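The structure file data-v1.txt is reproduced below (compact mmCIF, C-alpha atoms).
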```
# COMPACT_ATOMS: atom_id res chain seq x y z
CA TRP A 1 37.76 -81.97 5.26
CA ALA A 2 38.83 -78.36 5.58
CA ARG A 3 36.76 -77.42 2.53
CA VAL A 4 33.72 -79.31 3.82
CA LYS A 5 34.01 -77.55 7.18
CA ALA A 6 34.36 -74.15 5.49
CA GLU A 7 31.28 -74.83 3.35
CA ALA A 8 29.35 -75.88 6.45
CA ARG A 9 30.30 -72.63 8.23
CA VAL A 10 29.14 -70.56 5.24
CA ASP A 11 25.91 -72.59 5.06
CA ASP A 12 25.30 -71.87 8.77
CA ILE A 13 25.64 -68.12 8.15
CA TRP A 14 23.24 -68.15 5.20
CA ARG A 15 20.76 -70.50 6.90
CA GLU A 16 19.97 -67.74 9.42
CA VAL A 17 19.48 -65.20 6.61
CA THR A 18 17.23 -67.62 4.72
CA ALA A 19 15.11 -68.32 7.80
CA ARG A 20 14.73 -64.62 8.70
CA GLY A 21 14.23 -63.62 5.09
CA ILE A 22 15.30 -60.57 3.17
CA ARG A 23 13.03 -57.51 3.16
CA VAL A 24 11.51 -56.46 -0.13
CA ASP A 25 9.42 -53.44 -0.97
CA GLU A 26 6.26 -55.20 -2.17
CA GLY A 27 4.56 -51.87 -2.91
CA ARG A 28 7.39 -50.86 -5.24
CA LEU A 29 7.31 -54.31 -6.87
CA ARG A 30 3.58 -53.93 -7.53
CA GLN A 31 4.22 -50.46 -9.01
CA LEU A 32 6.84 -51.94 -11.34
CA ALA A 33 4.47 -54.71 -12.42
CA GLU A 34 1.75 -52.15 -13.11
CA ALA A 35 4.21 -49.98 -15.06
CA VAL A 36 4.84 -52.87 -17.45
CA GLU A 37 1.12 -53.37 -17.98
CA ILE A 38 0.60 -49.65 -18.57
CA GLU A 39 3.50 -49.60 -21.05
CA ARG A 40 2.01 -52.57 -22.91
CA ARG A 41 -1.37 -50.87 -23.19
CA GLU A 42 0.02 -47.47 -24.13
CA SER A 43 2.47 -48.72 -26.75
CA THR A 44 -0.25 -50.86 -28.30
CA GLU A 45 -2.66 -47.91 -28.38
CA LEU A 46 -0.05 -45.45 -29.68
CA TYR A 47 1.92 -47.63 -32.09
CA GLY A 48 -0.30 -50.66 -32.68
CA ILE A 49 2.33 -52.96 -31.16
CA ASP A 50 3.34 -54.14 -27.70
CA LEU A 51 6.87 -52.76 -27.46
CA THR A 52 7.57 -54.75 -24.28
CA SER A 53 7.88 -57.94 -26.33
CA LEU A 54 10.53 -58.83 -28.84
CA GLY A 55 9.67 -60.58 -32.05
CA THR A 56 9.33 -60.14 -35.76
CA ASP A 57 6.51 -57.61 -35.33
CA THR A 58 8.74 -55.42 -33.17
CA GLU A 59 11.64 -55.74 -35.61
CA ARG A 60 9.30 -54.85 -38.49
CA TRP A 61 8.01 -51.82 -36.55
CA LEU A 62 11.56 -50.58 -35.90
CA ARG A 63 12.44 -51.01 -39.58
CA SER A 64 9.34 -48.99 -40.52
CA TRP A 65 10.94 -46.08 -38.62
CA ALA A 66 14.32 -46.75 -40.33
CA ILE A 67 15.81 -47.92 -37.04
CA SER A 68 18.47 -50.62 -37.28
CA VAL A 69 20.51 -52.22 -34.52
CA PRO A 70 23.61 -54.01 -35.79
CA GLY A 71 24.02 -57.31 -33.96
CA GLY A 72 20.37 -57.58 -32.94
CA LEU A 73 18.03 -55.99 -30.43
CA SER A 74 19.90 -57.09 -27.31
CA HIS A 75 20.44 -54.29 -24.78
CA ASP A 76 24.18 -54.70 -25.34
CA ASN A 77 23.76 -53.45 -28.92
CA TRP A 78 21.59 -50.39 -28.25
CA ASP A 79 24.52 -47.98 -28.37
CA SER A 80 25.13 -48.96 -32.00
CA ALA A 81 21.54 -48.24 -33.11
CA LYS A 82 21.27 -46.25 -36.31
CA MET A 83 18.27 -44.08 -37.20
CA PRO A 84 17.25 -40.74 -38.60
CA ALA A 85 16.79 -37.99 -36.01
CA SER A 86 13.05 -38.02 -36.70
CA SER A 87 12.85 -41.59 -35.30
CA ALA A 88 14.44 -40.73 -31.93
CA PRO A 89 11.07 -40.60 -30.09
CA GLN A 90 10.18 -44.10 -31.33
CA TRP A 91 13.60 -45.42 -30.31
CA ALA A 92 13.15 -43.86 -26.85
CA ALA A 93 9.72 -45.52 -26.55
CA PHE A 94 11.19 -48.88 -27.57
CA THR A 95 14.12 -48.73 -25.13
CA ARG A 96 11.89 -47.59 -22.23
CA ALA A 97 9.43 -50.41 -22.92
CA ARG A 98 12.19 -53.01 -23.20
CA GLU A 99 13.86 -51.93 -19.95
CA LEU A 100 10.54 -52.27 -18.16
CA ALA A 101 9.94 -55.66 -19.78
CA GLN A 102 13.39 -56.92 -18.85
CA ASP A 103 12.53 -56.35 -15.20
CA ALA A 104 9.03 -57.85 -15.45
CA GLY A 105 10.09 -61.47 -14.97
CA LYS A 106 12.14 -60.65 -11.89
CA VAL A 107 9.30 -58.52 -10.48
CA VAL A 108 6.87 -61.43 -10.81
CA GLU A 109 9.42 -63.85 -9.31
CA LEU A 110 9.95 -61.59 -6.29
CA LEU A 111 6.23 -60.93 -5.80
CA ASP A 112 5.46 -64.66 -6.00
CA ALA A 113 8.16 -65.42 -3.43
CA ALA A 114 7.34 -62.58 -1.01
CA ARG A 115 5.71 -63.47 2.28
CA SER A 116 4.88 -60.59 4.63
CA GLY A 117 7.38 -58.31 2.96
CA ARG A 118 10.22 -60.85 2.88
CA VAL A 119 11.68 -63.37 0.50
CA HIS A 120 13.39 -66.52 1.76
CA PRO A 121 15.84 -67.60 -0.93
CA ALA A 122 17.87 -70.78 -0.71
CA ILE A 123 21.55 -69.80 -0.51
CA PRO A 124 23.73 -72.94 -0.58
CA ALA A 125 27.42 -72.27 0.09
CA MET A 126 28.90 -73.90 -2.98
CA ALA A 127 25.98 -74.42 -5.34
CA ALA A 128 27.85 -73.64 -8.54
CA VAL A 129 30.72 -75.69 -9.94
CA THR A 130 32.72 -72.45 -10.13
CA GLY A 131 32.58 -72.09 -6.34
CA ARG A 132 30.30 -69.07 -6.51
CA GLN A 133 27.23 -68.85 -4.41
CA ALA A 134 23.86 -68.83 -6.10
CA THR A 135 20.40 -68.09 -4.79
CA SER A 136 17.10 -69.59 -5.78
CA GLY A 137 13.47 -69.19 -4.87
CA PRO A 138 13.94 -66.25 -5.72
CA SER A 139 17.23 -65.77 -7.51
CA LEU A 140 18.85 -62.55 -6.27
CA GLN A 141 22.39 -62.72 -7.66
CA ASN A 142 21.33 -61.41 -11.07
CA LEU A 143 19.17 -58.53 -9.92
CA ALA A 144 19.61 -55.58 -12.29
CA ALA A 145 21.03 -52.44 -10.68
CA ARG A 146 17.80 -50.52 -11.34
CA MET A 147 15.87 -53.23 -9.44
CA ARG A 148 18.09 -53.32 -6.35
CA PRO A 149 16.18 -50.63 -4.44
CA VAL A 150 13.37 -53.17 -3.92
CA ILE A 151 15.71 -55.03 -1.53
CA MET A 152 15.69 -53.30 1.84
CA ALA A 153 17.84 -53.52 4.95
CA ASP A 154 16.27 -54.57 8.23
CA GLU A 155 15.69 -51.83 10.79
CA ASP A 156 18.97 -50.49 12.22
CA MET A 157 20.89 -52.33 9.49
CA VAL A 158 22.59 -51.19 6.29
CA LEU A 159 22.97 -52.95 2.97
CA VAL A 160 26.48 -52.97 1.53
CA GLY A 161 27.28 -53.77 -2.08
CA CYS A 162 30.47 -55.11 -3.56
CA ASP A 163 31.12 -55.20 -7.30
CA LEU A 164 33.25 -58.20 -8.21
CA HIS A 165 33.38 -57.27 -11.89
CA ALA A 166 36.08 -59.32 -13.60
CA VAL A 167 37.22 -60.83 -10.31
CA GLU A 168 38.39 -64.07 -11.95
CA PRO A 169 41.31 -62.52 -13.92
CA HIS A 170 42.41 -60.71 -10.76
CA VAL A 171 42.40 -63.94 -8.77
CA ALA A 172 44.19 -65.80 -11.60
CA ALA A 173 46.87 -63.07 -11.71
CA TRP A 174 47.35 -63.22 -7.95
CA LEU A 175 47.48 -67.03 -7.89
CA SER A 176 49.93 -67.20 -10.79
CA GLY A 177 52.07 -64.32 -9.56
CA ASP A 178 51.75 -62.58 -12.92
CA GLU A 179 52.36 -58.93 -12.03
CA THR A 180 51.64 -57.73 -15.59
CA LEU A 181 48.18 -59.32 -15.64
```

Have the structure of the file written as structure tokens, please.
Amino acid sequence: WARVKAEARVDDIWREVTARGIRVDEGRLRQLAEAVEIERRESTELYGIDLTSLGTDTERWLRSWAISVPGGLSHDNWDSAKMPASSAPQWAAFTRARELAQDAGKVVELLDAARSGRVHPAIPAMAAVTGRQATSGPSLQNLAARMRPVIMADEDMVLVGCDLHAVEPHVAAWLSGDETL
């Protein structure tokens, strides 16, 4: 019962936030959406390909510039990209377009959910089996760092961030008493 009561208290806290909503900068979101469209047009005009999308055409285009990315085109592999110096401008165009495109889905999700400058996500206390909280309608827990400025504090309030990177091993070490870990 203690766990159920704790979850109910957390739900009560988040219910107020959900009802009030979280401020978003709709103007900035629209600018980001337009930036993706501009990038699509410009890369198609300049290179004959929409660099915001991934596919065999994009891979073929990169190969035509002697650009290879061991492990695939995932953002995680970009640091290992290999290319001649003369292809650096094309690589820069590709990475800029892909970063914009990676944000496009989240921009659309936030714009679709925004009502009068606010989003009203569902934030259940223990939605995930892991015990972590998750948001939906829109999902905010996986907002890329470069997108976070679109979330704004209410007047006379401040947003505070907390990075729980690799928190699980820390908790496991504490629970097990393993000082080395």

Best match for closeness to Leu46 (chain A) among A:Leu140, A:Ala66, A:Val24, A:Ala93, counting all atoms listed in the file: A:Ala93

Residue nearest Arg96 (chain A) - candidates A:Leu159, A:Ala145, A:Ala173, A:Leu51, atoms counted: only C-alpha atoms: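 That would be A:Leu51, the residue with the smallest distance to Arg96 (chain A).
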
Top pick for closest residue to Gly27 (chain A), considering A:Arg40, A:Gly117, A:Glu7, A:Asn77 and counting only C-alpha atoms: A:Gly117

Among the residues A:His75, A:Lys5, A:Arg20, A:Arg63, the one that comes closest to Gln90 (chain A) [using all atoms listed in the file]: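 Among the listed residues, the smallest separation from Gln90 (chain A) belongs to A:Arg63.
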
Two-atom distance - CA of Pro124 (chain A), CA of Asp156 (chain A) (Å): 26.3 Å

Between CA of Ile67 (chain A) and CA of Ile38 (chain A) - distance in Å to one decimal: 24.0 Å

Between CA of Lys106 (chain A) and CA of Glu16 (chain A), distance in Å (one decimal):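 CA of Lys106 (chain A) sits 23.8 Å away from CA of Glu16 (chain A).
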
Show which residues sit within 9 Å of Val150 (chain A), as a short mmCIF file (atom, residue, chain, number, x, y, z; two decimals) with C-alpha atoms, in the frame of the given file. Count only C-alpha atoms, and ignore same-chain residues fewer than 2 positions away.
```cif
data_model
loop_
_atom_site.label_atom_id
_atom_site.label_comp_id
_atom_site.auth_asym_id
_atom_site.auth_seq_id
_atom_site.Cartn_x
_atom_site.Cartn_y
_atom_site.Cartn_z
CA ARG A 23 13.03 -57.51 3.16
CA VAL A 24 11.51 -56.46 -0.13
CA ASP A 25 9.42 -53.44 -0.97
CA GLU A 26 6.26 -55.20 -2.17
CA GLY A 27 4.56 -51.87 -2.91
CA ARG A 28 7.39 -50.86 -5.24
CA LEU A 29 7.31 -54.31 -6.87
CA MET A 147 15.87 -53.23 -9.44
CA ARG A 148 18.09 -53.32 -6.35
CA MET A 152 15.69 -53.30 1.84
#
```

Residues near Thr135 (chain A), cut-off 8 Å, all atoms listed in the file, skip fewer than 2 positions along chain, as a list in words: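 Residues near the query, excluding close chain neighbours: Pro121, Ala122, Ile123, Pro124, Gln133, Gly137, Pro138, Ser139, Leu140 and Gln141 of chain A.
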
Residue neighbourhood Asp103 (chain A), 10 Å, all atoms listed in the file, exclusion window fewer than 2 positions, as an MDAnalysis selection string: chainID A and resid 32:33 36 98:101 105:108 143:144 146:147

Those residues with C-alpha atoms, as a short mmCIF file (atom, residue, chain, number, x, y, z; two decimals), in the frame of the given file please?
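For reference, again_32.cif as written:
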```
data_model
loop_
_atom_site.label_atom_id
_atom_site.label_comp_id
_atom_site.auth_asym_id
_atom_site.auth_seq_id
_atom_site.Cartn_x
_atom_site.Cartn_y
_atom_site.Cartn_z
CA LEU A 32 6.84 -51.94 -11.34
CA ALA A 33 4.47 -54.71 -12.42
CA VAL A 36 4.84 -52.87 -17.45
CA ARG A 98 12.19 -53.01 -23.20
CA GLU A 99 13.86 -51.93 -19.95
CA LEU A 100 10.54 -52.27 -18.16
CA ALA A 101 9.94 -55.66 -19.78
CA GLY A 105 10.09 -61.47 -14.97
CA LYS A 106 12.14 -60.65 -11.89
CA VAL A 107 9.30 -58.52 -10.48
CA VAL A 108 6.87 -61.43 -10.81
CA LEU A 143 19.17 -58.53 -9.92
CA ALA A 144 19.61 -55.58 -12.29
CA ARG A 146 17.80 -50.52 -11.34
CA MET A 147 15.87 -53.23 -9.44
#
```

Pick from A:Ala85, A:Thr44, A:Ser136, A:Ile22 nearest to Met157 (chain A), counting only C-alpha atoms: A:Ile22

Put a box with edges along x, y and z around all the listed atoms of region 1-10 of chain A, pad it by 4 Å on each side, then give me its centre and sizes in Å, one decimal, as JSON.
```
{"center_x": 34.0, "center_y": -76.3, "center_z": 5.4, "size_x": 17.7, "size_y": 19.4, "size_z": 13.7}
```

Which of A:Trp14, A:Trp174, A:Trp1, A:Trp65 sits closest to Pro89 (chain A) [using all atoms listed in the file]: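 Among A:Trp14, A:Trp174, A:Trp1, A:Trp65, it is A:Trp65 that comes nearest to Pro89 (chain A).
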